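Enquirer: Got a structure here, written out as structure tokens. Questions coming.
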Amino acid sequence: MLRAIYPGSFDPVTYGHLDVIKRSSKLVDELIVGVLNNKAKTPLFSVEERVKMLGEVTKDMPNVKIIPFEGLLVDFARKTGARMVIRGLRAITDFEYELQMSQTNHKMEPDVETVFLTTSLEYSYLSSTTVKEVAAFGGDISQFVPPVVLENIEKKRK
Ligand code: ADP
């Protein structure tokens, strides 16, 4: 049984994330979307809200589970019995950080491998940060995020 973790902040989940979730869930038996509760950052959405939205957008994917976590990714992998970590690569700018993270994680836990999916072309420009920026100025983000995220961002703005 191959279990993988797709970790991230998902603040909020975008169509780019959803594309990686769909594609990677077909490669493994079980995909855990690990929602990072990073106490050092102030997210727009609480970890509970992020988990709920991810649950909603993946409800038709039976082998996808949404689980929040704190602390080291390798500890979360050990706890859940996952041997693979999935990350998305958008552009060369992602590469340096991702390389460093995957090599550090591999040193700490040699049994866990990081696998990178390159983003689908139509989402390569998309990030949670730009979505939040556009939304903050009242721009239309309906082509970037699923409807449930759109509704929740509208609620936050009011
Ligand atoms: P983090 O804070 O860990 O970067 P994110 O929620 O921003 O978390 O991203 C989680 C993962 O999803 C990362 O591997 C990131 O590269 C990937 N990702 C983000 N946006 C996209 C996108 N538009 N297409 C493909 N992968 C993406």
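Order determines the names: the first chain of the structure tokens is A, the second B, and so forth; residues in each chain are numbered 1 upward, and ligands are numbered 1 upward as they are shown.
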Any chance you could list, as a ChimeraX atom specification, the residues in region 6-119 of chain A that come up strand (DSSP E or B) when DSSP is run on the backbone?
Expert: /A:6-8,30-36,64-69,84-89,113-118
Enquirer: Give me, as an mmCIF file with N, CA, C and O atoms, in the first residue's frame, all polymer residues having an atom no more than 9 Å from Ser24 (chain A), counting only C-alpha atoms and skipping those fewer than 3 positions away in the same chain.
Expert:
data_model
loop_
_atom_site.group_PDB
_atom_site.id
_atom_site.type_symbol
_atom_site.label_atom_id
_atom_site.label_comp_id
_atom_site.auth_asym_id
_atom_site.auth_seq_id
_atom_site.Cartn_x
_atom_site.Cartn_y
_atom_site.Cartn_z
ATOM 1 N N ALA A 4 0.920 8.556 0.303
ATOM 2 C CA ALA A 4 1.724 9.765 0.086
ATOM 3 C C ALA A 4 1.101 10.943 0.815
ATOM 4 O O ALA A 4 -0.105 10.957 1.085
ATOM 5 N N TYR A 6 0.699 15.104 0.539
ATOM 6 C CA TYR A 6 0.878 16.355 -0.210
ATOM 7 C C TYR A 6 0.739 17.471 0.825
ATOM 8 O O TYR A 6 -0.374 17.803 1.230
ATOM 9 N N ASP A 19 -5.347 20.508 -8.985
ATOM 10 C CA ASP A 19 -4.782 19.789 -10.121
ATOM 11 C C ASP A 19 -3.714 18.788 -9.634
ATOM 12 O O ASP A 19 -3.697 17.628 -10.057
ATOM 13 N N VAL A 20 -2.867 19.225 -8.703
ATOM 14 C CA VAL A 20 -1.839 18.328 -8.157
ATOM 15 C C VAL A 20 -2.499 17.207 -7.346
ATOM 16 O O VAL A 20 -2.092 16.041 -7.418
ATOM 17 N N ILE A 21 -3.540 17.529 -6.596
ATOM 18 C CA ILE A 21 -4.244 16.508 -5.798
ATOM 19 C C ILE A 21 -4.842 15.441 -6.722
ATOM 20 O O ILE A 21 -4.654 14.245 -6.515
ATOM 21 N N LEU A 27 -1.715 8.222 -8.652
ATOM 22 C CA LEU A 27 -0.420 7.523 -8.646
ATOM 23 C C LEU A 27 -0.229 6.675 -7.406
ATOM 24 O O LEU A 27 0.689 5.867 -7.338
ATOM 25 N N VAL A 28 -1.059 6.895 -6.389
ATOM 26 C CA VAL A 28 -0.849 6.230 -5.093
ATOM 27 C C VAL A 28 -2.147 5.578 -4.619
ATOM 28 O O VAL A 28 -3.213 5.838 -5.161
ATOM 29 N N LEU A 31 -3.805 9.224 -0.662
ATOM 30 C CA LEU A 31 -3.146 10.535 -0.628
ATOM 31 C C LEU A 31 -3.657 11.321 0.577
ATOM 32 O O LEU A 31 -4.857 11.550 0.716
ATOM 33 N N ILE A 86 4.636 14.509 -1.901
ATOM 34 C CA ILE A 86 4.391 15.111 -3.212
ATOM 35 C C ILE A 86 4.504 16.627 -3.076
ATOM 36 O O ILE A 86 3.932 17.208 -2.162
ATOM 37 N N LEU A 117 5.670 17.026 -8.973
ATOM 38 C CA LEU A 117 4.848 17.104 -10.174
ATOM 39 C C LEU A 117 4.994 18.512 -10.716
ATOM 40 O O LEU A 117 4.869 19.483 -9.964
#
Enquirer: For ligand 1, collect every residue having any atom at a distance of at most 10 Å from a ligand atom (counting only C-alpha atoms and all ligand atoms); output as an NGL selection string.
Expert: :A and (6-21 or 33-36 or 38 or 41 or 85-91 or 93-95 or 97-98 or 115-129 or 144)
Enquirer: Would you mind telling me which residue in A:Gly138, A:Pro146, A:Pro110, A:Pro43 lies nearest to Ala77 (chain A) when using only C-alpha atoms?
Expert: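 Among the listed residues, the smallest separation from Ala77 (chain A) belongs to A:Pro110.
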Enquirer: For Val47 (chain A), which residue among A:Asp140, A:Asp29, A:Glu154, A:Glu70 is the nearest when counting only C-alpha atoms?
Expert: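 The answer is A:Glu70, which sits nearest to Val47 (chain A).
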Enquirer: So the first atom is CA of Val64 (chain A) and the second is CA of Lys26 (chain A); what is the distance between them in Å, to one decimal place?
Expert: 10.0 Å
Enquirer: Work out how far apart CA of Leu150 (chain A) and CA of Leu73 (chain A) are and give it in Å to one decimal.
Expert: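 Separation of CA of Leu150 (chain A) and CA of Leu73 (chain A): 28.8 Å.
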Enquirer: Quick one: everything within 9 Å of Leu44 (chain A), counting only C-alpha atoms, minus sequence neighbours fewer than 2 positions away in the same chain. Send it as a list in words.
Expert: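 Close residues of Leu44 (chain A): Asp11, Pro12, Thr42, Ser46, Lys132, Ile153 and Lys156 of chain A.
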Enquirer: Quick one: write out the picked residues with C-alpha atoms as a CSV table (one decimal), in the first residue's frame?
Expert:
chain,number,residue,atom,x,y,z
A,11,ASP,CA,-4.4,29.3,2.4
A,12,PRO,CA,-6.6,28.9,0.5
A,42,THR,CA,-0.9,34.5,10.3
A,46,SER,CA,-7.7,29.0,10.2
A,132,LYS,CA,-5.5,36.8,-1.7
A,153,ILE,CA,-13.3,34.7,0.8
A,156,LYS,CA,-14.1,37.3,5.1
Enquirer: Apply DSSP to the structure's backbone, then extract all residues of chain A labelled alpha helix (DSSP H) and return them as a PyMOL selection string.
Expert: chain A and resi 15-25+47-57+73-80+92-108+128-136+147-157
Enquirer: To one decimal in Å, tell me the separation between CA of Val57 (chain A) and CA of Gly81 (chain A).
Expert: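 Calculated distance between CA of Val57 (chain A) and CA of Gly81 (chain A) is 24.4 Å.
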Enquirer: Pick out the closest residue to Thr104 (chain A) from this set: A:Ile92, A:Leu72, A:Lys155, A:Phe45. Count only C-alpha atoms.
Expert: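 With only C-alpha atoms as the atom set, the closest residue is A:Leu72.
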